[in-house]
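Asks: Pasting in a structure now, in structure tokens, and then I'll have a few things to ask.
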Amino acid sequence: MADDGSYVLLPTAPATENLRLSELRPDVINLVAISDHMHYHQEEVKSSNSQNQNMKKLFVCILPMLLIVTIQNTSAQKQGRALIDSILKELPEKKEDTPKVKLLNRLGEECLNIGEFDTGLVYCNRALSLSEKLDFKKGASVAHLIMGLIRTNQGNYNEALKHNEIARKIKEEINDQDGLAAIYNNFGIVYQNQGNYKGALEVYYKALKINEALGNKDWVMANYNNIGIIYFTQKKYPEALKSFNAALKMAEQIGDRFSTNHPYNNIGGVYFEEGKYAEALKNYETAYKIRLEMGDKFEIANSLLNIAATNVHLNNYKLAEEKYLESFRISSEIGHKTGIASFYNETGRLYITLKKYSESKSNLEKGLALNKEIGNADGIKEAYRSFAELDSATGNYKGALENYKNYIFYKDSLINKENSDQLVEQQMQYDFDKKEAVGKAEQEKKDALALKELQKQKLVRNGFVGGFTVVLLFAGVFFTQRNKIKKGKKRSDELLLNILPAEVAEELKTTGATTAKDFSEVTVLFTDFKNFTMMSEQLTAQELVNEINYCYSAFDKIITKQGIEKIKTIGDSYMCAGGLPVANMTNAVDTVRAAIEIRDFMLNEKEKRETEGKPVFEIRIGCNTGPVVAGIVGIKKFAYDIWGDTVNIASRMESSGEAGKVNISGSTYELVKDIFTCTYRGKIQAKNKGEIDMYFVK
């Protein structure tokens with residue numbers, strides 16, 4: 001253990017097959033050494049479990065739902081928010097040094113613990129930037145580690161793997177064995193959610209080996225649990241039960257009552273798969289009671305899913321539906337990713353049983369789309385199985401056969417073939433690299449001998465030598481110019497992609513022109529700095545440009561993360577849009593989520609600048625959804641732009657809003673009202689547009 005390292009408990013939920021309802025998931029425990037700057041020691045972590053202060057729990061299998069409700073904050077969340085506020089007060093006093101990096105990482109971790117993922121990413125990015133500036137490798141590894149956890153919780157597995165890999169390399173470089181074991185566990189969680197069980201088992205055993213050597217009982221407990229999950233996914237239930245009981249026994253030995261919730265939940269999962277539903281429900285409810293005491297909404301939502309599914313098998317359909325809905329509401333509040341797909345798949349199956357075929361089809365379609373979006377192979381497989389059952393129940397036997405074929409394909413081919421292909425590719429790459437190295441060495445020997453022989457040929461005529469030299473020079477110039485052309489082309493492509501969307505840039509390169517396109521549903525976002533002219537008078541020209549660049553760079557990162565296209569900036573106005581150049585159905589939610597992140601970023605900057613006694617920039621944000629026309633105009637300085645009344649109304653949403661708030665139109669509200677809590681402002685007069693329904697997003 002690090003001398004003063006704290007631990008974060010990260011359970012997750014790899015998908016499993018169930019007899020009736022899909023994606024009921026046991027917990028994977030992951031103990032993660034976040035950093036050496038935390039103020040808790042290992043002994044303090046153990047002794048404070050009863051106070052629910054240090055063993056932070058996060059659950060990876062719940063996705064944002066399409067319903068938002070007000071749920072009373074738990075004491076743990078209140079404590080987390082209070083701690084964040086306390087750290088924020090301390091932050092401005094810190095110099096640009098390693099203590100500040102540690103505080104920023106702590107902020108990122110605390111935001112992770114209470115589910116404020118996007119804000120946590122902002123703090124971690126700041127910590128990473130400062131760490132790189134200071135060459136503070138441990139701080140950088142911690143920032144990447146936390147960002148990896150956040151991305152895992154968001155279901156963005158590719159980004160999670162990138163952060164984990166960077167953290168792993170740094171941990172190896174600085175020989176941080178505790179941190180390395182934690183990283184292996186994090187890799188395992190992502191691999192499991194991707195269906196790569198072989199890879200997950202490999203890294204879990206690596207973590208177990210390190211933790212046993214170091215005598216880290218907490219971590220060994222987590223490893224037992226994680227390995228049990230692998231057996232579970234492979235339907236080796238006796239082995240899984242043995243591992244889960246070992247994890248439960250170890251948790252009891254070290255006096256960690258809260259951590260027993262995971263083994264209890266997983267033991268319930270084994271009994272569920274074995275058809276022992278009464279035993280399953282008993283263990284699920286034991287885990288649920290502990291999780292209620294902990295106040296962790298991720299785990300509470302997961303327990304509710306499991307309890308609901310078990311009640312389905314006990315024919316308690318009404319109670320099952322109530323539990324599903326309760327989990328649905330909690331999940332939508334905490335903003336997660338895999339759970340919405342699980343919810344849709346499971347309720348889709350339930351509605352088949354209840355003969356609500358229309359509702360079943362709707363939910364299964366949503367679940368399949370979301371699982372494809374996040375790359376959840378098991379979820380895709382289960383969705384097709386559910387579709388096959390639905391088609392069979394409604395007499396569509398041709399459709400049932402096709403969906404069952406898809407189910408078999410994903411079950412037997414996607415995961416296993418993908419894993420074996422990866423191994424073959426790795427072996428081929430290894431063989432290729434090895435042969436290439438041998439060939440390179442042999443060629444170097446031949447070149448050396450040829451050069452030596454050439455030097456011995458003293459009778460070569462001067463004219464020939466001179467001519468040969470010219471040829472060499474010509475060849476050198478040729479290859480140099482060719483390399484320059486290649487680099488220039490690559491640079492021009494990069495610049496083009498920085499100006500235009502990838503699809504539009506490719507069309508322009510291929511045909512030399514682009515065609516305008518109509519989009520039926522796009523969400524346009526405008527921002528504008530309040531009292532910009534007055535604020536600009538208080539800054540030098542360079543300070544003003546630096547400040548705008550700092551803000552716009554942050555905005556760029558936020559919208560890129562949400563899959564939104566930047567359109568342009570005009571002075572202090574920033575414009576972007578979701579749902580183009582590739583149309584999608586989530587553009588309103590994505591854009592409003594980006595707007596909230598931008599708002600929170602600016603509020604944090606405001607607080608920071610006020611503390612430092614600097615001029616404060618405040619921002620108005622407006623969004624509107626509707627049809628637009630998009631394309632490129634002109635023949636010089638290409639610019640991708642959009643037109644239509646939707647754009648004009650979005651601009652009015654910004655100008656009719658208030659500083660520090662996100663103002664949306666009625667059309668956007670109808671698309672996001674189940675996700676975000678909004679306050680109706682009434683019909684507000686908008687310049688040249690008359691009265692428009694407007695809402696503030698909380």
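Every chain in the structure tokens has a letter given in the order shown (A, B, ...), and although residue numbers restart at 1 in each chain, ligands are simply numbered from 1 in the order shown.
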Please identify all polymer residues within 6 Å of Leu145 of chain A, counting only C-alpha atoms, omitting same-chain residues fewer than 2 positions from it, and present them as a list in words.

Replies: Val142, Ala143, Met147, Gly148, Asn164 and Ala167 of chain A

Asks: Residues of the last selection are to be written out with C-alpha atoms, as a compact mmCIF listing (two decimals), in the first residue's frame.

Replies:
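New file result-v8.txt:
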# COMPACT_ATOMS: atom_id res chain seq x y z
CA VAL A 142 -3.64 9.19 -10.66
CA ALA A 143 -5.43 11.60 -13.00
CA MET A 147 -10.51 9.39 -15.67
CA GLY A 148 -10.42 5.72 -16.60
CA ASN A 164 -5.82 2.76 -18.02
CA ALA A 167 -1.65 4.89 -16.09

Asks: Report as a ChimeraX atom specification all protein, DNA and RNA residues lying within 6 Å of segment 111-117 of chain A, evaluated on only C-alpha atoms, omitting residues in the same chain fewer than 3 positions from it.

Replies: /A:77,108,120,150,334

Asks: Please save C-alpha atoms of the selected residues as a PDB file, in the first residue's frame.

Replies:
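Now in result.pdb:
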ATOM      1  CA  GLN A  77     -23.818  12.248  -1.203  1.00  0.00           C
ATOM      2  CA  GLY A 108     -12.000  14.400  -9.490  1.00  0.00           C
ATOM      3  CA  GLY A 120     -14.731  15.127 -12.341  1.00  0.00           C
ATOM      4  CA  ILE A 150     -15.155   7.825 -14.894  1.00  0.00           C
ATOM      5  CA  ILE A 334     -27.197   9.489 -11.586  1.00  0.00           C
TER       6      ILE A 334
END

Asks: Using only C-alpha atoms, which of the listed residues (A:Val522, A:Met575, A:Ala588, A:Leu544) sits closest to Ser651 of chain A?

Replies: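 Comparing A:Val522, A:Met575, A:Ala588, A:Leu544 against Ser651 of chain A, the winner is A:Met575.
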
Asks: Using the chain letters and numbers from this document, which residues of segment 597-672 of chain A does DSSP assign to strand (DSSP E or B), as a PyMOL selection string?

Replies: chain A and resi 618-632+640-643+662-665

Asks: Hey, can you spit out that residue selection with C-alpha atoms as a PDB file, in the first residue's frame?

Replies:
ATOM      1  CA  GLU A 618     -20.387  35.033 -17.022  1.00  0.00           C
ATOM      2  CA  ILE A 619     -22.113  33.098 -19.756  1.00  0.00           C
ATOM      3  CA  ARG A 620     -25.606  32.767 -21.191  1.00  0.00           C
ATOM      4  CA  ILE A 621     -26.493  29.512 -22.942  1.00  0.00           C
ATOM      5  CA  GLY A 622     -29.461  28.779 -25.181  1.00  0.00           C
ATOM      6  CA  CYS A 623     -30.636  25.661 -27.051  1.00  0.00           C
ATOM      7  CA  ASN A 624     -33.342  24.966 -29.611  1.00  0.00           C
ATOM      8  CA  THR A 625     -34.265  21.880 -31.624  1.00  0.00           C
ATOM      9  CA  GLY A 626     -35.677  21.698 -35.126  1.00  0.00           C
ATOM     10  CA  PRO A 627     -34.867  21.324 -38.832  1.00  0.00           C
ATOM     11  CA  VAL A 628     -31.828  22.955 -40.433  1.00  0.00           C
ATOM     12  CA  VAL A 629     -29.978  23.043 -43.724  1.00  0.00           C
ATOM     13  CA  ALA A 630     -26.221  22.379 -43.509  1.00  0.00           C
ATOM     14  CA  GLY A 631     -23.434  22.772 -46.003  1.00  0.00           C
ATOM     15  CA  ILE A 632     -20.439  24.747 -47.262  1.00  0.00           C
ATOM     16  CA  TYR A 640     -19.361  24.378 -42.566  1.00  0.00           C
ATOM     17  CA  ASP A 641     -22.477  26.268 -41.544  1.00  0.00           C
ATOM     18  CA  ILE A 642     -26.172  25.741 -40.826  1.00  0.00           C
ATOM     19  CA  TRP A 643     -29.232  27.797 -41.663  1.00  0.00           C
ATOM     20  CA  VAL A 662     -29.178  26.972 -19.632  1.00  0.00           C
ATOM     21  CA  ASN A 663     -32.286  28.270 -21.414  1.00  0.00           C
ATOM     22  CA  ILE A 664     -34.063  25.861 -23.771  1.00  0.00           C
ATOM     23  CA  SER A 665     -37.079  26.140 -26.041  1.00  0.00           C
TER      24      SER A 665
END

Asks: Which distance in Å separates atom CA of Tyr205 of chain A and atom CA of Asn266 of chain A, to one decimal?

Replies: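 Atom CA of Tyr205 of chain A sits 19.1 Å away from atom CA of Asn266 of chain A.
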
Asks: How would you write, as a count of residues only, the set of residues in segment 569-616 of chain A that DSSP gives as helix (DSSP H, G or I)?

Replies: 25

Asks: Residues near Leu88 of chain A, anyone? I mean within 9 Å using only C-alpha atoms, not counting same-chain ones fewer than 5 positions away, as number ranges by chain.

Replies: A: 83, 103-104, 107, 608

Asks: Write the residues you've just listed into a file as a JSON list (two decimals), in the first residue's frame, and include C-alpha atoms for each of them.

Replies:
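Output file result_36.json is given in full below:
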[["chain", "number", "residue", "atom", "x", "y", "z"],
["A", 83, "LEU", "CA", -16.11, 17.64, 1.01],
["A", 103, "LEU", "CA", -6.24, 18.47, -4.54],
["A", 104, "LEU", "CA", -7.46, 18.52, -8.14],
["A", 107, "LEU", "CA", -11.87, 16.73, -6.51],
["A", 608, "LYS", "CA", -11.81, 30.75, -9.12]]
